[in-house]
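Student: Supplied structure: protein26.txt, compact mmCIF, N, CA and C atoms.
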```
# COMPACT_ATOMS: atom_id res chain seq x y z
N MET X 214 9.54 -16.22 26.10
CA MET X 214 9.18 -15.92 24.73
C MET X 214 8.01 -14.95 24.67
N SER X 215 7.04 -15.11 25.55
CA SER X 215 5.88 -14.24 25.52
C SER X 215 6.23 -12.81 25.90
N ARG X 216 7.33 -12.59 26.62
CA ARG X 216 7.75 -11.24 26.98
C ARG X 216 8.28 -10.47 25.79
N SER X 217 8.85 -11.17 24.79
CA SER X 217 9.44 -10.47 23.65
C SER X 217 8.39 -9.91 22.71
N LEU X 218 7.20 -10.49 22.70
CA LEU X 218 6.15 -9.99 21.82
C LEU X 218 5.74 -8.56 22.18
N PRO X 219 5.43 -8.26 23.45
CA PRO X 219 5.11 -6.87 23.79
C PRO X 219 6.27 -5.92 23.54
N ALA X 220 7.49 -6.37 23.76
CA ALA X 220 8.66 -5.52 23.52
C ALA X 220 8.79 -5.22 22.03
N ALA X 221 8.56 -6.20 21.19
CA ALA X 221 8.64 -5.99 19.74
C ALA X 221 7.55 -5.03 19.28
N ALA X 222 6.35 -5.17 19.83
CA ALA X 222 5.25 -4.27 19.47
C ALA X 222 5.57 -2.84 19.88
N ALA X 223 6.16 -2.68 21.07
CA ALA X 223 6.53 -1.34 21.53
C ALA X 223 7.60 -0.74 20.64
N LEU X 224 8.57 -1.55 20.21
CA LEU X 224 9.63 -1.06 19.33
C LEU X 224 9.06 -0.62 17.99
N LEU X 225 8.17 -1.42 17.42
CA LEU X 225 7.55 -1.04 16.14
C LEU X 225 6.75 0.25 16.27
N ALA X 226 6.03 0.38 17.35
CA ALA X 226 5.25 1.60 17.57
C ALA X 226 6.17 2.81 17.69
N ALA X 227 7.28 2.66 18.39
CA ALA X 227 8.22 3.77 18.54
C ALA X 227 8.85 4.15 17.21
N LEU X 228 9.22 3.15 16.41
CA LEU X 228 9.80 3.45 15.10
C LEU X 228 8.80 4.13 14.19
N ALA X 229 7.56 3.69 14.20
CA ALA X 229 6.54 4.32 13.37
C ALA X 229 6.34 5.77 13.79
N GLY X 230 6.31 6.02 15.07
CA GLY X 230 6.14 7.37 15.56
C GLY X 230 7.33 8.26 15.26
N ALA X 231 8.50 7.67 15.10
CA ALA X 231 9.71 8.45 14.83
C ALA X 231 9.90 8.71 13.35
N GLY X 232 9.00 8.19 12.51
CA GLY X 232 9.12 8.44 11.08
C GLY X 232 10.00 7.44 10.36
N CYS X 233 10.36 6.34 10.99
CA CYS X 233 11.19 5.32 10.35
C CYS X 233 10.30 4.34 9.61
N GLY X 234 9.82 4.76 8.46
CA GLY X 234 8.94 3.90 7.69
C GLY X 234 7.50 4.02 8.10
N GLY X 235 7.22 4.81 9.13
CA GLY X 235 5.85 4.98 9.58
C GLY X 235 5.20 6.13 8.85
N GLY X 236 4.21 6.66 9.43
CA GLY X 236 3.50 7.76 8.80
C GLY X 236 2.35 7.24 7.97
N SER X 237 1.56 8.14 7.50
CA SER X 237 0.39 7.77 6.72
C SER X 237 0.30 8.69 5.51
N PRO X 238 -0.56 8.35 4.56
CA PRO X 238 -0.74 9.25 3.43
C PRO X 238 -1.10 10.67 3.86
N ALA X 239 -1.78 10.79 4.98
CA ALA X 239 -2.17 12.12 5.47
C ALA X 239 -0.97 12.97 5.85
N ASP X 240 0.19 12.33 6.10
CA ASP X 240 1.40 13.06 6.48
C ASP X 240 2.12 13.68 5.28
N VAL X 241 1.83 13.18 4.09
CA VAL X 241 2.54 13.64 2.89
C VAL X 241 2.27 15.13 2.67
N GLY X 242 3.33 15.89 2.55
CA GLY X 242 3.21 17.32 2.27
C GLY X 242 2.82 18.16 3.47
N ALA X 243 2.74 17.57 4.64
CA ALA X 243 2.38 18.35 5.83
C ALA X 243 3.34 19.52 5.96
N GLY X 244 2.82 20.70 6.09
CA GLY X 244 3.65 21.89 6.22
C GLY X 244 3.93 22.59 4.90
N ASP X 245 3.67 21.92 3.77
CA ASP X 245 3.87 22.57 2.47
C ASP X 245 2.75 23.59 2.27
N PRO X 246 3.07 24.82 1.89
CA PRO X 246 2.03 25.85 1.78
C PRO X 246 0.99 25.56 0.69
N ASP X 247 1.29 24.70 -0.26
CA ASP X 247 0.34 24.41 -1.33
C ASP X 247 -0.50 23.16 -1.07
N ARG X 248 -0.18 22.46 0.01
CA ARG X 248 -0.95 21.24 0.30
C ARG X 248 -2.44 21.51 0.52
N PRO X 249 -2.84 22.54 1.28
CA PRO X 249 -4.28 22.75 1.49
C PRO X 249 -5.05 22.93 0.17
N LEU X 250 -4.46 23.61 -0.78
CA LEU X 250 -5.11 23.79 -2.08
C LEU X 250 -5.23 22.46 -2.80
N TYR X 251 -4.13 21.69 -2.85
CA TYR X 251 -4.17 20.36 -3.47
C TYR X 251 -5.20 19.48 -2.76
N GLU X 252 -5.19 19.51 -1.45
CA GLU X 252 -6.11 18.69 -0.67
C GLU X 252 -7.56 19.03 -0.99
N ALA X 253 -7.86 20.32 -1.07
CA ALA X 253 -9.23 20.76 -1.33
C ALA X 253 -9.70 20.45 -2.75
N ARG X 254 -8.83 20.58 -3.72
CA ARG X 254 -9.22 20.42 -5.12
C ARG X 254 -8.94 19.04 -5.70
N CYS X 255 -7.93 18.36 -5.19
CA CYS X 255 -7.46 17.12 -5.83
C CYS X 255 -7.47 15.91 -4.91
N GLY X 256 -7.31 16.14 -3.62
CA GLY X 256 -7.10 15.07 -2.67
C GLY X 256 -8.19 14.03 -2.58
N VAL X 257 -9.44 14.42 -2.79
CA VAL X 257 -10.55 13.47 -2.67
C VAL X 257 -10.39 12.33 -3.68
N CYS X 258 -10.01 12.64 -4.90
CA CYS X 258 -9.87 11.61 -5.94
C CYS X 258 -8.44 11.09 -6.07
N HIS X 259 -7.47 11.96 -5.88
CA HIS X 259 -6.08 11.57 -6.09
C HIS X 259 -5.35 11.20 -4.81
N GLY X 260 -6.01 11.32 -3.68
CA GLY X 260 -5.39 10.97 -2.42
C GLY X 260 -4.38 11.99 -1.97
N LEU X 261 -4.19 12.08 -0.68
CA LEU X 261 -3.26 13.06 -0.13
C LEU X 261 -1.82 12.75 -0.51
N ASP X 262 -1.55 11.50 -0.82
CA ASP X 262 -0.19 11.11 -1.21
C ASP X 262 -0.07 10.90 -2.72
N GLY X 263 -1.11 11.25 -3.47
CA GLY X 263 -1.08 11.11 -4.93
C GLY X 263 -1.59 9.78 -5.43
N SER X 264 -1.90 8.86 -4.52
CA SER X 264 -2.42 7.55 -4.92
C SER X 264 -3.89 7.70 -5.28
N PRO X 265 -4.28 7.31 -6.48
CA PRO X 265 -5.65 7.54 -6.94
C PRO X 265 -6.68 6.81 -6.09
N ARG X 266 -7.84 7.44 -5.93
CA ARG X 266 -8.96 6.91 -5.18
C ARG X 266 -10.21 6.97 -6.05
N GLY X 267 -11.18 6.16 -5.76
CA GLY X 267 -12.50 6.23 -6.39
C GLY X 267 -12.45 6.39 -7.89
N PRO X 268 -13.09 7.43 -8.40
CA PRO X 268 -13.16 7.62 -9.86
C PRO X 268 -11.80 7.81 -10.52
N ALA X 269 -10.80 8.20 -9.74
CA ALA X 269 -9.46 8.44 -10.30
C ALA X 269 -8.59 7.18 -10.27
N ALA X 270 -9.19 6.03 -9.93
CA ALA X 270 -8.40 4.81 -9.77
C ALA X 270 -7.60 4.45 -11.02
N ALA X 271 -8.08 4.86 -12.19
CA ALA X 271 -7.36 4.57 -13.44
C ALA X 271 -6.21 5.55 -13.68
N ALA X 272 -6.18 6.62 -12.91
CA ALA X 272 -5.13 7.63 -13.08
C ALA X 272 -3.82 7.10 -12.52
N GLY X 273 -2.72 7.66 -12.99
CA GLY X 273 -1.42 7.29 -12.45
C GLY X 273 -1.26 7.78 -11.03
N ASP X 274 -0.30 7.20 -10.32
CA ASP X 274 0.02 7.62 -8.97
C ASP X 274 0.84 8.91 -9.07
N LEU X 275 0.24 10.02 -8.69
CA LEU X 275 0.90 11.32 -8.81
C LEU X 275 2.14 11.40 -7.92
N GLY X 276 2.26 10.52 -6.95
CA GLY X 276 3.42 10.51 -6.07
C GLY X 276 4.52 9.57 -6.53
N ASP X 277 4.35 8.98 -7.70
CA ASP X 277 5.34 8.05 -8.25
C ASP X 277 6.35 8.83 -9.09
N PRO X 278 7.64 8.78 -8.73
CA PRO X 278 8.64 9.54 -9.49
C PRO X 278 8.71 9.12 -10.96
N ASP X 279 8.46 7.86 -11.26
CA ASP X 279 8.46 7.42 -12.66
C ASP X 279 7.33 8.08 -13.45
N TRP X 280 6.15 8.17 -12.83
CA TRP X 280 5.03 8.85 -13.50
C TRP X 280 5.39 10.31 -13.74
N ARG X 281 5.90 10.97 -12.70
CA ARG X 281 6.25 12.38 -12.80
C ARG X 281 7.28 12.63 -13.90
N ASP X 282 8.24 11.72 -14.05
CA ASP X 282 9.27 11.88 -15.06
C ASP X 282 8.76 11.66 -16.48
N GLN X 283 7.59 11.04 -16.60
CA GLN X 283 7.02 10.76 -17.92
C GLN X 283 6.09 11.85 -18.42
N VAL X 284 5.69 12.76 -17.55
CA VAL X 284 4.77 13.83 -17.95
C VAL X 284 5.43 15.18 -17.74
N SER X 285 5.11 16.09 -18.62
CA SER X 285 5.66 17.44 -18.49
C SER X 285 4.74 18.30 -17.64
N GLU X 286 5.27 19.40 -17.20
CA GLU X 286 4.46 20.37 -16.46
C GLU X 286 3.30 20.84 -17.32
N ALA X 287 3.55 21.05 -18.62
CA ALA X 287 2.51 21.49 -19.54
C ALA X 287 1.39 20.45 -19.65
N GLU X 288 1.76 19.17 -19.65
CA GLU X 288 0.74 18.11 -19.73
C GLU X 288 -0.12 18.07 -18.47
N ILE X 289 0.50 18.23 -17.32
CA ILE X 289 -0.25 18.26 -16.06
C ILE X 289 -1.21 19.44 -16.08
N ARG X 290 -0.71 20.58 -16.49
CA ARG X 290 -1.52 21.79 -16.57
C ARG X 290 -2.72 21.59 -17.50
N GLU X 291 -2.48 20.98 -18.65
CA GLU X 291 -3.56 20.77 -19.63
C GLU X 291 -4.65 19.86 -19.06
N VAL X 292 -4.25 18.77 -18.40
CA VAL X 292 -5.23 17.85 -17.82
C VAL X 292 -6.05 18.56 -16.75
N ILE X 293 -5.41 19.37 -15.93
CA ILE X 293 -6.14 20.10 -14.89
C ILE X 293 -7.13 21.07 -15.54
N LEU X 294 -6.69 21.78 -16.57
CA LEU X 294 -7.57 22.75 -17.22
C LEU X 294 -8.70 22.11 -18.01
N GLU X 295 -8.39 21.06 -18.76
CA GLU X 295 -9.37 20.47 -19.67
C GLU X 295 -10.13 19.27 -19.08
N GLY X 296 -9.53 18.62 -18.07
CA GLY X 296 -10.11 17.39 -17.56
C GLY X 296 -9.71 16.23 -18.45
N ARG X 297 -9.96 15.03 -17.97
CA ARG X 297 -9.66 13.83 -18.75
C ARG X 297 -10.44 12.68 -18.14
N GLY X 298 -11.09 11.89 -19.00
CA GLY X 298 -11.88 10.77 -18.49
C GLY X 298 -12.94 11.29 -17.53
N LYS X 299 -12.93 10.76 -16.32
CA LYS X 299 -13.93 11.17 -15.31
C LYS X 299 -13.52 12.44 -14.57
N MET X 300 -12.29 12.91 -14.81
CA MET X 300 -11.84 14.13 -14.13
C MET X 300 -12.43 15.34 -14.84
N PRO X 301 -13.11 16.20 -14.07
CA PRO X 301 -13.68 17.41 -14.68
C PRO X 301 -12.62 18.47 -14.95
N SER X 302 -12.99 19.43 -15.76
CA SER X 302 -12.14 20.58 -16.01
C SER X 302 -12.11 21.48 -14.78
N PHE X 303 -10.95 22.02 -14.49
CA PHE X 303 -10.83 22.98 -13.40
C PHE X 303 -10.55 24.39 -13.93
N ARG X 304 -10.79 24.58 -15.23
CA ARG X 304 -10.53 25.87 -15.87
C ARG X 304 -11.24 27.02 -15.16
N GLU X 305 -12.48 26.81 -14.79
CA GLU X 305 -13.26 27.87 -14.15
C GLU X 305 -13.20 27.81 -12.62
N LYS X 306 -12.45 26.85 -12.09
CA LYS X 306 -12.42 26.65 -10.65
C LYS X 306 -11.12 27.09 -9.99
N LEU X 307 -10.09 27.32 -10.80
CA LEU X 307 -8.79 27.73 -10.27
C LEU X 307 -8.33 29.02 -10.92
N THR X 308 -7.75 29.90 -10.12
CA THR X 308 -7.11 31.08 -10.69
C THR X 308 -5.79 30.63 -11.32
N GLU X 309 -5.17 31.50 -12.06
CA GLU X 309 -3.87 31.18 -12.66
C GLU X 309 -2.82 30.87 -11.59
N ASP X 310 -2.84 31.64 -10.51
CA ASP X 310 -1.92 31.39 -9.40
C ASP X 310 -2.19 30.03 -8.75
N GLU X 311 -3.46 29.71 -8.52
CA GLU X 311 -3.80 28.42 -7.93
C GLU X 311 -3.39 27.27 -8.84
N LEU X 312 -3.59 27.44 -10.14
CA LEU X 312 -3.18 26.42 -11.10
C LEU X 312 -1.68 26.19 -11.02
N ASP X 313 -0.90 27.26 -11.00
CA ASP X 313 0.55 27.15 -10.88
C ASP X 313 0.94 26.41 -9.59
N ARG X 314 0.25 26.73 -8.50
CA ARG X 314 0.56 26.10 -7.22
C ARG X 314 0.22 24.61 -7.21
N VAL X 315 -0.92 24.24 -7.80
CA VAL X 315 -1.31 22.82 -7.86
C VAL X 315 -0.33 22.05 -8.74
N VAL X 316 0.02 22.60 -9.89
CA VAL X 316 0.98 21.94 -10.78
C VAL X 316 2.31 21.75 -10.06
N GLY X 317 2.78 22.78 -9.38
CA GLY X 317 4.04 22.69 -8.64
C GLY X 317 3.97 21.64 -7.54
N TYR X 318 2.86 21.59 -6.84
CA TYR X 318 2.70 20.61 -5.77
C TYR X 318 2.71 19.19 -6.33
N VAL X 319 1.99 18.98 -7.43
CA VAL X 319 1.97 17.66 -8.06
C VAL X 319 3.38 17.26 -8.49
N ARG X 320 4.14 18.21 -9.02
CA ARG X 320 5.52 17.91 -9.42
C ARG X 320 6.40 17.56 -8.22
N ARG X 321 6.10 18.14 -7.05
CA ARG X 321 6.88 17.88 -5.84
C ARG X 321 6.42 16.62 -5.08
N LEU X 322 5.26 16.09 -5.42
CA LEU X 322 4.69 14.98 -4.65
C LEU X 322 5.63 13.80 -4.45
N PRO X 323 6.38 13.35 -5.45
CA PRO X 323 7.28 12.22 -5.19
C PRO X 323 8.29 12.50 -4.07
N GLU X 324 8.83 13.71 -4.03
CA GLU X 324 9.77 14.04 -2.95
C GLU X 324 9.06 14.15 -1.62
N LEU X 325 7.88 14.76 -1.64
CA LEU X 325 7.11 14.90 -0.40
C LEU X 325 6.72 13.52 0.13
N LYS X 326 6.36 12.63 -0.77
CA LYS X 326 5.95 11.28 -0.39
C LYS X 326 7.13 10.50 0.20
N SER X 327 8.31 10.72 -0.32
CA SER X 327 9.48 9.99 0.19
C SER X 327 9.93 10.50 1.55
N LYS X 328 9.48 11.70 1.95
CA LYS X 328 9.88 12.28 3.23
C LYS X 328 8.93 11.93 4.36
N LYS X 329 7.78 11.35 4.05
CA LYS X 329 6.79 11.10 5.11
C LYS X 329 7.27 10.16 6.17
```
Would you mind writing the structure in this file as structure tokens?
Tutor:
Amino acid sequence: MSRSLPAAAALLAALAGAGCGGGSPADVGAGDPDRPLYEARCGVCHGLDGSPRGPAAAAGDLGDPDWRDQVSEAEIREVILEGRGKMPSFREKLTEDELDRVVGYVRRLPELKSKK
């Protein structure tokens, strides 16, 4: 019986490494060209996988497909530009191109999160 415990641990480690339910929030969006921008501007509070952290804890999970389906692209854009609650305005911090890229990345987060 004691031999099966190390074998089970090795199997779980192999599955996690192969991407079968493994991975971490840091893996979400890896390779996406807009991830570095999201990470730099949004990731500290919203998490790399869209799960809110710290001051953004009251915010919705940006990686939740239900949340994404309830908000429009225009609403996401407005919150980024104007801020909301503890979230500051990014109007003066993002170019129009960067804003478009962040909005697009946030819209893609549920799919990116499901691929990790």
Student: Please list as a ChimeraX atom specification every residue within 8 Å of Leu261 in chain X, counting all atoms listed in the file and excluding residues in the same chain fewer than 3 positions away.
Tutor: /X:237-242,251-252,255-258,264-266,276,326
Student: Atom C of Glu291 in chain X and atom C of Ser327 in chain X are how many Å apart?
Tutor: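 That distance, rounded to one decimal, is 26.9 Å.
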Student: Between X:Gly267, X:Leu307, X:Asp277, X:Pro301, single out the one closest to Arg321 in chain X, counting only C-alpha atoms.
Tutor: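 Going through X:Gly267, X:Leu307, X:Asp277, X:Pro301 one by one, the smallest distance to Arg321 in chain X is for X:Asp277.
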Student: With only N, CA and C atoms counted, which protein, DNA or RNA residues have an atom no more than 5 Å from (4.2, 14.9, -12.4) in the file frame? Please answer as a list in words.
Tutor: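 Residues with an atom at most 5 Å from (4.2, 14.9, -12.4): Trp280, Arg281, Val319 and Arg320 of chain X.
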Student: Could you please take those selected residues and save N, CA and C atoms as a PDB file, in the coordinates of the input?
Tutor:
```pdb
ATOM      1  N   TRP X 280       6.150   8.170 -12.830  1.00  0.00           N
ATOM      2  CA  TRP X 280       5.030   8.850 -13.500  1.00  0.00           C
ATOM      3  C   TRP X 280       5.390  10.310 -13.740  1.00  0.00           C
ATOM      4  N   ARG X 281       5.900  10.970 -12.700  1.00  0.00           N
ATOM      5  CA  ARG X 281       6.250  12.380 -12.800  1.00  0.00           C
ATOM      6  C   ARG X 281       7.280  12.630 -13.900  1.00  0.00           C
ATOM      7  N   VAL X 319       1.990  18.980  -7.430  1.00  0.00           N
ATOM      8  CA  VAL X 319       1.970  17.660  -8.060  1.00  0.00           C
ATOM      9  C   VAL X 319       3.380  17.260  -8.490  1.00  0.00           C
ATOM     10  N   ARG X 320       4.140  18.210  -9.020  1.00  0.00           N
ATOM     11  CA  ARG X 320       5.520  17.910  -9.420  1.00  0.00           C
ATOM     12  C   ARG X 320       6.400  17.560  -8.220  1.00  0.00           C
TER      13      ARG X 320
END
```
Student: For each of X:Gly296, X:Gly317, X:Gly260, X:Pro268, take the minimum atom-to-atom distance to Asp245 in chain X, counting only C-alpha atoms, then give the residue where this is smallest.
Tutor: X:Gly317
